[in-house]
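Coordinates as given in final.csv (CSV, C-alpha atoms):
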chain,number,residue,atom,x,y,z
A,1,MET,CA,93.2,156.0,86.3
A,2,ILE,CA,96.6,155.6,84.7
A,3,GLY,CA,97.3,152.8,87.2
A,4,ARG,CA,94.1,151.0,86.2
A,5,LEU,CA,95.0,151.3,82.5
A,6,LEU,CA,98.5,149.9,83.1
A,7,GLY,CA,97.0,147.1,85.2
A,8,SER,CA,94.5,146.2,82.5
A,9,ARG,CA,97.2,146.3,79.9
A,10,ALA,CA,99.4,144.0,82.0
A,11,LYS,CA,96.6,141.5,82.3
A,12,ARG,CA,96.0,141.6,78.6
A,13,VAL,CA,99.7,140.9,78.0
A,14,ARG,CA,99.7,137.9,80.3
A,15,ARG,CA,96.7,136.5,78.6
A,16,THR,CA,98.1,136.5,75.1
A,17,GLY,CA,99.6,133.5,73.5
A,18,PRO,CA,98.5,129.8,73.6
A,19,LEU,CA,96.7,130.2,77.0
A,20,ALA,CA,94.7,133.3,75.9
A,21,ALA,CA,91.7,131.1,75.3
A,22,VAL,CA,91.8,129.5,78.8
A,23,ARG,CA,89.1,131.1,80.9
A,24,VAL,CA,90.3,131.7,84.4
A,25,PRO,CA,87.8,132.6,87.2
A,26,PRO,CA,88.5,135.6,89.4
A,27,ASN,CA,91.2,135.0,92.1
A,28,ALA,CA,92.6,132.0,90.1
A,29,GLY,CA,95.6,131.3,88.0
A,30,VAL,CA,96.9,128.6,85.6
A,31,LEU,CA,99.3,125.7,86.6
A,32,SER,CA,101.0,123.8,83.9
A,33,CYS,CA,103.9,121.4,83.1
A,34,ARG,CA,105.1,118.9,80.5
A,35,VAL,CA,106.0,115.4,81.5
A,36,LEU,CA,108.9,113.7,79.7
A,37,ASP,CA,110.8,110.5,79.9
A,38,PRO,CA,114.6,110.3,80.2
A,39,VAL,CA,115.1,110.6,76.4
A,40,ASN,CA,112.8,113.7,76.3
A,41,GLU,CA,109.8,111.9,74.8
A,42,PRO,CA,106.4,113.0,76.1
A,43,VAL,CA,104.7,110.7,78.7
A,44,ALA,CA,101.0,110.5,77.7
A,45,HIS,CA,98.5,109.6,80.3
A,46,ALA,CA,100.7,110.3,83.3
A,47,GLU,CA,98.6,110.9,86.4
A,48,LEU,CA,98.9,114.2,88.3
A,49,THR,CA,97.5,115.2,91.6
A,50,VAL,CA,97.5,118.8,92.8
A,51,SER,CA,97.1,119.3,96.6
A,52,ASP,CA,96.8,122.5,98.6
A,53,GLY,CA,98.8,123.5,101.7
A,54,MET,CA,96.5,121.4,103.9
A,55,GLY,CA,97.1,118.3,101.9
A,56,ARG,CA,93.6,118.4,100.4
A,57,LYS,CA,93.4,117.2,96.8
A,58,VAL,CA,92.3,120.1,94.5
A,59,VAL,CA,92.7,118.6,91.0
A,60,ARG,CA,93.4,115.1,89.7
A,61,GLY,CA,94.0,114.5,86.0
A,62,GLY,CA,96.3,113.2,83.3
A,63,THR,CA,98.6,114.4,80.6
A,64,ASP,CA,97.5,114.7,77.0
A,65,PRO,CA,99.2,112.8,74.1
A,66,TYR,CA,102.0,115.4,74.1
A,67,GLY,CA,102.7,115.0,77.8
A,68,SER,CA,101.1,118.4,78.7
A,69,PHE,CA,99.0,119.2,81.8
A,70,VAL,CA,97.2,122.5,82.3
A,71,THR,CA,94.7,123.4,85.0
A,72,ALA,CA,93.1,126.4,86.6
A,73,VAL,CA,93.3,126.6,90.4
A,74,PRO,CA,92.7,129.3,93.0
A,75,ALA,CA,95.7,131.4,93.7
A,76,GLY,CA,97.9,129.8,96.4
A,77,GLU,CA,100.6,127.3,97.3
A,78,TYR,CA,100.4,123.8,95.9
A,79,ARG,CA,102.1,120.4,95.8
A,80,LEU,CA,102.1,118.5,92.6
A,81,ALA,CA,102.5,114.7,92.4
A,82,VAL,CA,103.3,113.0,89.1
A,83,SER,CA,103.2,109.3,88.5
A,84,ALA,CA,103.3,107.0,85.5
A,85,GLU,CA,103.6,103.3,84.9
A,86,GLY,CA,107.2,102.2,85.0
A,87,PHE,CA,108.6,105.5,86.4
A,88,THR,CA,109.6,106.8,89.8
A,89,PRO,CA,107.0,109.3,91.2
A,90,TYR,CA,107.9,113.0,91.0
A,91,ARG,CA,106.9,115.7,93.5
A,92,ALA,CA,107.2,119.5,93.3
A,93,SER,CA,105.9,122.7,94.8
A,94,ALA,CA,104.4,125.6,92.9
A,95,THR,CA,103.0,129.1,93.7
A,96,VAL,CA,100.1,130.2,91.6
A,97,ALA,CA,99.2,133.9,91.4
A,98,GLU,CA,96.0,135.5,90.2
A,99,ASP,CA,95.4,135.7,86.5
A,100,SER,CA,98.9,134.4,85.7
A,101,LEU,CA,100.6,131.3,84.5
A,102,SER,CA,102.7,129.2,86.8
A,103,SER,CA,104.7,126.7,84.8
A,104,LEU,CA,106.9,124.0,86.1
A,105,GLY,CA,108.3,123.6,82.6
A,106,ASP,CA,109.6,120.1,81.6
A,107,VAL,CA,109.2,117.5,84.3
A,108,THR,CA,111.5,114.5,83.6
A,109,LEU,CA,110.6,111.2,85.1
A,110,GLN,CA,113.2,108.6,85.9
A,111,VAL,CA,112.7,104.9,85.1
A,112,ALA,CA,111.7,102.9,88.2
A,113,ALA,CA,113.6,99.9,89.3
A,114,VAL,CA,111.7,96.7,88.4
A,115,PRO,CA,110.9,94.6,91.6
A,116,GLU,CA,112.8,91.3,91.9
A,117,LEU,CA,110.8,88.4,90.4
A,118,PRO,CA,110.1,85.2,92.3
A,119,LYS,CA,112.6,82.4,91.8
A,120,ALA,CA,111.7,79.6,89.4
A,121,GLY,CA,109.8,76.8,90.9
A,122,ASP,CA,106.3,75.8,92.2
A,123,TRP,CA,104.4,78.3,94.4
A,124,GLU,CA,100.9,78.2,95.8
A,125,ILE,CA,98.4,80.9,96.8
A,126,GLU,CA,98.2,81.5,100.5
A,127,PRO,CA,94.4,82.0,101.2
A,128,ALA,CA,94.9,83.6,104.6
A,129,HIS,CA,96.6,86.6,103.1
A,130,SER,CA,94.8,86.7,99.7
A,131,SER,CA,91.3,87.7,98.6
A,132,ILE,CA,89.1,87.4,95.5
A,133,GLY,CA,86.4,90.0,95.4
A,134,PHE,CA,83.9,91.4,92.9
A,135,THR,CA,81.7,94.4,92.3
A,136,ALA,CA,78.4,94.4,90.4
A,137,ARG,CA,75.5,96.8,89.8
A,138,HIS,CA,72.1,96.0,91.4
A,139,ILE,CA,69.2,96.9,89.2
A,140,GLY,CA,71.3,99.6,87.6
A,141,LEU,CA,71.7,101.5,90.9
A,142,ALA,CA,73.9,100.7,93.9
A,143,ARG,CA,77.1,98.7,93.7
A,144,ILE,CA,77.1,95.3,95.4
A,145,HIS,CA,80.4,94.1,96.8
A,146,GLY,CA,81.1,90.5,97.4
A,147,ARG,CA,83.9,87.9,97.6
A,148,PHE,CA,84.6,84.2,97.4
A,149,ASN,CA,85.8,82.8,100.8
A,150,SER,CA,87.2,79.5,99.6
A,151,PHE,CA,89.8,79.1,96.8
A,152,ALA,CA,93.1,77.5,96.1
A,153,GLY,CA,95.7,78.1,93.4
A,154,ALA,CA,99.2,77.0,92.1
A,155,VAL,CA,101.7,79.0,90.2
A,156,ARG,CA,104.7,77.5,88.3
A,157,ILE,CA,107.3,80.2,87.9
A,158,ALA,CA,109.5,79.5,84.9
A,159,ASP,CA,113.1,80.7,84.3
A,160,GLU,CA,111.6,83.0,81.7
A,161,MET,CA,108.7,84.6,83.4
A,162,ASP,CA,106.5,84.8,80.3
A,163,ARG,CA,106.5,81.0,80.3
A,164,SER,CA,105.0,80.8,83.8
A,165,ALA,CA,101.6,79.2,84.4
A,166,MET,CA,98.8,79.5,87.0
A,167,HIS,CA,95.8,77.5,87.9
A,168,VAL,CA,93.1,78.8,90.3
A,169,VAL,CA,90.0,76.9,91.6
A,170,ILE,CA,87.2,78.8,93.4
A,171,ASP,CA,84.4,77.2,95.4
A,172,ALA,CA,81.3,78.7,93.8
A,173,ALA,CA,79.2,78.0,97.0
A,174,SER,CA,81.6,80.2,99.0
A,175,ILE,CA,80.2,83.4,97.4
A,176,ASP,CA,79.5,86.0,100.1
A,177,THR,CA,77.8,89.4,99.8
A,178,ASN,CA,77.0,89.6,103.5
A,179,VAL,CA,73.2,89.1,102.8
A,180,ARG,CA,72.2,85.4,103.3
A,181,MET,CA,69.0,85.6,101.2
A,182,ARG,CA,70.9,87.2,98.3
A,183,ASP,CA,73.8,84.7,98.6
A,184,ASP,CA,71.4,81.7,98.5
A,185,HIS,CA,69.8,83.2,95.4
A,186,LEU,CA,73.2,83.7,93.7
A,187,ARG,CA,74.0,80.0,94.4
A,188,SER,CA,70.7,78.9,92.9
A,189,ALA,CA,70.1,77.8,89.3
A,190,ASP,CA,69.1,81.4,88.5
A,191,PHE,CA,72.7,82.4,88.7
A,192,LEU,CA,75.8,80.3,89.5
A,193,ASP,CA,73.9,77.0,89.8
A,194,VAL,CA,76.5,75.6,92.2
A,195,GLU,CA,74.8,72.1,92.3
A,196,ARG,CA,75.7,71.6,88.6
A,197,TYR,CA,78.8,73.9,88.5
A,198,PRO,CA,80.5,73.7,91.9
A,199,THR,CA,83.7,75.5,90.9
A,200,LEU,CA,85.1,78.4,88.9
A,201,GLU,CA,88.5,77.7,87.3
A,202,PHE,CA,91.2,79.8,85.7
A,203,TYR,CA,94.1,78.3,83.6
A,204,SER,CA,96.6,80.8,82.4
A,205,ASP,CA,97.9,80.6,78.8
A,206,ARG,CA,100.4,83.5,78.8
A,207,PHE,CA,102.2,86.0,81.0
A,208,ALA,CA,103.0,89.2,79.1
A,209,HIS,CA,105.2,92.0,80.5
A,210,ARG,CA,103.6,95.4,80.0
A,211,GLY,CA,106.5,97.4,81.4
A,212,GLY,CA,107.6,98.3,84.9
A,213,ASN,CA,105.7,96.2,87.4
A,214,ARG,CA,102.6,95.6,85.1
A,215,TRP,CA,101.8,92.2,83.6
A,216,ALA,CA,98.9,90.8,81.6
A,217,VAL,CA,97.9,87.3,82.5
A,218,THR,CA,95.7,85.7,79.8
A,219,GLY,CA,93.9,82.4,80.2
A,220,GLY,CA,90.6,80.6,80.1
A,221,LEU,CA,88.0,81.1,82.8
A,222,SER,CA,85.4,78.3,83.3
A,223,LEU,CA,82.2,79.6,84.9
A,224,HIS,CA,78.7,78.2,84.8
A,225,GLY,CA,79.7,75.5,82.3
A,226,VAL,CA,81.2,78.0,79.8
A,227,THR,CA,84.9,78.8,79.2
A,228,ARG,CA,85.9,82.2,77.9
A,229,THR,CA,89.3,83.9,77.5
A,230,VAL,CA,90.0,86.7,80.0
A,231,THR,CA,93.0,88.9,80.7
A,232,LEU,CA,94.0,89.9,84.2
A,233,ASP,CA,95.6,93.3,84.4
A,234,ALA,CA,98.2,92.6,87.1
A,235,GLU,CA,100.5,94.8,89.2
A,236,TYR,CA,103.4,92.9,90.7
A,237,LEU,CA,104.2,94.2,94.2
A,238,GLY,CA,107.5,92.4,94.8
A,239,LEU,CA,109.0,90.0,97.3
A,240,GLY,CA,108.8,90.1,101.1
A,241,ASN,CA,109.2,87.9,104.2
A,242,GLY,CA,106.5,86.7,106.5
A,243,MET,CA,106.4,86.5,110.2
A,244,GLU,CA,108.5,83.3,110.2
A,245,GLY,CA,111.0,84.5,107.6
A,246,GLU,CA,109.3,82.7,104.7
A,247,VAL,CA,109.6,84.3,101.3
A,248,ARG,CA,106.4,85.7,99.8
A,249,ALA,CA,105.5,87.4,96.5
A,250,ALA,CA,102.4,89.6,96.1
A,251,CYS,CA,100.4,91.1,93.3
A,252,ARG,CA,97.1,92.9,92.6
A,253,ALA,CA,95.0,92.1,89.6
A,254,THR,CA,91.7,93.1,88.1
A,255,THR,CA,89.5,92.1,85.1
A,256,GLU,CA,86.0,92.7,83.9
A,257,LEU,CA,83.6,89.9,83.1
A,258,HIS,CA,80.4,90.2,81.0
A,259,ARG,CA,77.7,88.2,82.6
A,260,ASP,CA,76.0,87.2,79.3
A,261,ASP,CA,79.3,85.6,78.1
A,262,PHE,CA,78.8,83.0,80.7
A,263,THR,CA,75.0,82.6,80.3
A,264,VAL,CA,74.5,83.8,83.8
A,265,SER,CA,71.1,85.5,83.6
A,266,TRP,CA,68.0,85.5,85.8
A,267,GLN,CA,65.5,84.9,82.9
A,268,THR,CA,62.4,85.4,85.0
A,269,MET,CA,63.2,89.0,85.8
A,270,LEU,CA,64.8,89.7,82.3
A,271,ALA,CA,61.5,88.8,80.7
A,272,ARG,CA,59.9,91.6,82.7
A,273,GLY,CA,62.6,94.0,81.6
A,274,ILE,CA,64.4,94.2,84.9
A,275,ALA,CA,68.2,93.6,84.9
A,276,VAL,CA,68.8,92.6,88.5
A,277,VAL,CA,72.5,92.3,88.0
A,278,GLY,CA,74.4,94.7,85.7
A,279,PRO,CA,75.9,93.4,82.5
A,280,SER,CA,79.5,93.6,83.7
A,281,ILE,CA,81.2,92.4,86.9
A,282,THR,CA,84.5,93.7,88.1
A,283,ILE,CA,86.8,91.2,89.7
A,284,ASP,CA,89.6,92.3,92.1
A,285,LEU,CA,92.3,90.0,93.3
A,286,ASP,CA,94.9,90.6,96.1
A,287,ILE,CA,97.2,87.6,96.0
A,288,GLN,CA,100.2,86.4,98.0
A,289,ILE,CA,102.1,83.2,96.9
A,290,VAL,CA,104.5,81.2,98.9
A,291,PRO,CA,106.9,78.3,97.8
A,292,LYS,CA,105.0,75.1,97.6
A,293,GLY,CA,105.7,72.5,100.3
A,294,ARG,CA,107.3,75.1,102.7
A,295,PRO,CA,107.4,73.9,106.4
A,296,ALA,CA,104.2,74.6,108.3

File written out as C-alpha cells:
Amino acid sequence: MIGRLLGSRAKRVRRTGPLAAVRVPPNAGVLSCRVLDPVNEPVAHAELTVSDGMGRKVVRGGTDPYGSFVTAVPAGEYRLAVSAEGFTPYRASATVAEDSLSSLGDVTLQVAAVPELPKAGDWEIEPAHSSIGFTARHIGLARIHGRFNSFAGAVRIADEMDRSAMHVVIDAASIDTNVRMRDDHLRSADFLDVERYPTLEFYSDRFAHRGGNRWAVTGGLSLHGVTRTVTLDAEYLGLGNGMEGEVRAACRATTELHRDDFTVSWQTMLARGIAVVGPSITIDLDIQIVPKGRPA
C-alpha cells in the first residue's frame, strides 16, 4: 500500500507545472523541445517529424510562435527531425517514458548555405527535364491531376538576381489529364477555348528573395484572354551538370489560381448549381534551365 501511495505521489509531482494540464493516455509520455536560431531567437513554424524505431512517422507538426513543440507519444525510442526554411536540418534521438516529460531542451538550428546562383546571361527552359502540372477538384470530390505537354520559356539572369526576368509560353491545346473526352472538353469554348486563346503566357515583373533558397516570382499570367497578377512560390535547388557536362539550374514552384479570375466557367452546369471544376487550381512546376544557345 505504501508503495502504491508513493507511486501515486511521484506521478502527481511529475504532472505539476506547465504540463499539468496536458492529458496523457496510459502508457504514453510527453516529448518536447524549443527551436532557436543562432542568436537564440525562437523559430516559429519549424517543421518537426517524430519517427519510431522502425522509421515509421508517428507525429508531424510545427513549432508555435515561441518556437516550442510539445506532443504526447507512446513510451519508447524515437528519432526527431527538425527543419525550417533557411536552416540546416537537425536530427536527435529521445527516449520517452510513461507518464513523464522527455525534453530535448533548446535545439539550435544553423543557417544553411545558400546554393550558388546561375551566372548572369540568357537561359532557356529545357522541356525534356521540366514539367508544368496542375491539380483541380472535380464536382467538389476527387482531385484531378493534369499537365501541359508543350511549353517553352526564357530566363534572363541579371547580375543582381532580383532584376532577372522570365517569359513562359504554354500551348493550351497540350492540356492532358489522361482522359481524351475530358481533355477535348477542357479545350472547348466551355473552358480554355483554345481556338480563340491558343496560349497561356507568364511575364515576370519581380524576383524577391525570401531567405535561404526561397524566392517569390511575381508577374502577369494571361489565360483565356484575361491577365492577372500571380506569385510563384519558388524553391531554388541549385546548379548541376547534365550527362554531357552542360550546366543546369533547377527549381520547384507552386501557385494557386482562382478560376473565376480568368472567367473560366462552364456556365451550362453552373446554372444548374453544379461546379464541375473547383474554384481554385493548384499549379506545380519543376523546371530546369540551361544556357541559351548551348551546343546540341

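Comparing the minimum interatomic distances between Asp159 in chain A and each of A:Leu101, A:Ile281, A:Ala136, A:Ala120, counting only C-alpha atoms, we find that A:Ala120 sits nearest.
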
For the atom pair CA of Glu116 in chain A and CA of Ile283 in chain A, what is the interatomic distance in Å to one decimal place?
26.1 Å

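Interatomic distance, CA of Ala46 in chain A against CA of Arg60 in chain A: 10.8 Å.
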
Could you tell me how far CA of Lys292 in chain A lies from CA of Glu256 in chain A, in Å and to one decimal?
29.3 Å

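Near Thr229 in chain A, within 12 Å and counting only C-alpha atoms, sit Glu201, Phe202, Tyr203, Ser204, Asp205, Arg206, Val217, Thr218, Gly219, Gly220, Leu221, Ser222, Leu223, Thr255, Glu256, Leu257, His258, Asp261 and Phe262 of chain A, not including residues fewer than 4 positions from it in the same chain.
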
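Of the listed residues (A:Arg79, A:His209, A:Arg196, A:His45), A:Arg79 comes nearest to Val59 in chain A; the distances count only C-alpha atoms.
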
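Minimum atom-to-atom distances from A:Pro291, A:Val24, A:Arg248, A:Pro89 to Ala112 in chain A were compared using only C-alpha atoms, and the lowest value belongs to A:Pro89.
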
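Restricting the calculation to only C-alpha atoms, the smallest distance between Leu186 in chain A and any of A:Pro26, A:Gly245, A:Gly240, A:Gly146 is found for A:Gly146.
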
Step by step: start from the point (101.5, 106.3, 82.8) in the file's coordinates, keep every protein, DNA or RNA residue that has an atom no farther than 12 Å from it, count all atoms listed in the file, and write the set as a PyMOL selection string.
chain A and resi 35-37+42-48+61-65+67+82-89+109+111+210-214

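Proximity to Ala154 in chain A at 7 Å, evaluated using only C-alpha atoms and with sequence-adjacent residues fewer than 6 positions away removed, yields Trp123, Glu124, Ile125, Met166, His167 and Val168 of chain A.
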
Take the residues just selected and output them with C-alpha atoms as a PDB file, keeping the file's coordinate frame.
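And here is the file that came out, result00.pdb:
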ATOM      1  CA  TRP A 123     104.400  78.300  94.400  1.00  0.00           C
ATOM      2  CA  GLU A 124     100.900  78.200  95.800  1.00  0.00           C
ATOM      3  CA  ILE A 125      98.400  80.900  96.800  1.00  0.00           C
ATOM      4  CA  MET A 166      98.800  79.500  87.000  1.00  0.00           C
ATOM      5  CA  HIS A 167      95.800  77.500  87.900  1.00  0.00           C
ATOM      6  CA  VAL A 168      93.100  78.800  90.300  1.00  0.00           C
TER       7      VAL A 168
END

Test item: residues at most 9 Å from Ile287 in chain A, only C-alpha atoms, excluding those fewer than 6 positions along its chain, as a PDB file with C-alpha atoms, in the frame of the given file:
ATOM      1  CA  ILE A 125      98.400  80.900  96.800  1.00  0.00           C
ATOM      2  CA  GLU A 126      98.200  81.500 100.500  1.00  0.00           C
ATOM      3  CA  PRO A 127      94.400  82.000 101.200  1.00  0.00           C
ATOM      4  CA  HIS A 129      96.600  86.600 103.100  1.00  0.00           C
ATOM      5  CA  SER A 130      94.800  86.700  99.700  1.00  0.00           C
ATOM      6  CA  SER A 131      91.300  87.700  98.600  1.00  0.00           C
ATOM      7  CA  ILE A 132      89.100  87.400  95.500  1.00  0.00           C
ATOM      8  CA  ALA A 249     105.500  87.400  96.500  1.00  0.00           C
ATOM      9  CA  ALA A 250     102.400  89.600  96.100  1.00  0.00           C
ATOM     10  CA  CYS A 251     100.400  91.100  93.300  1.00  0.00           C
ATOM     11  CA  ARG A 252      97.100  92.900  92.600  1.00  0.00           C
ATOM     12  CA  ALA A 253      95.000  92.100  89.600  1.00  0.00           C
TER      13      ALA A 253
END

Can you tell me which residues surround Ala208 in chain A at a distance of at most 6 Å, considering all atoms listed in the file, apart from same-chain residues fewer than 4 positions away, and format the answer as JSON, numbers by chain?
{"A": [162, 215, 216]}

Which is closer to Arg143 in chain A than all the others in A:Gly55, A:Leu237, A:Thr282, A:Ser100, using only C-alpha atoms?
A:Thr282
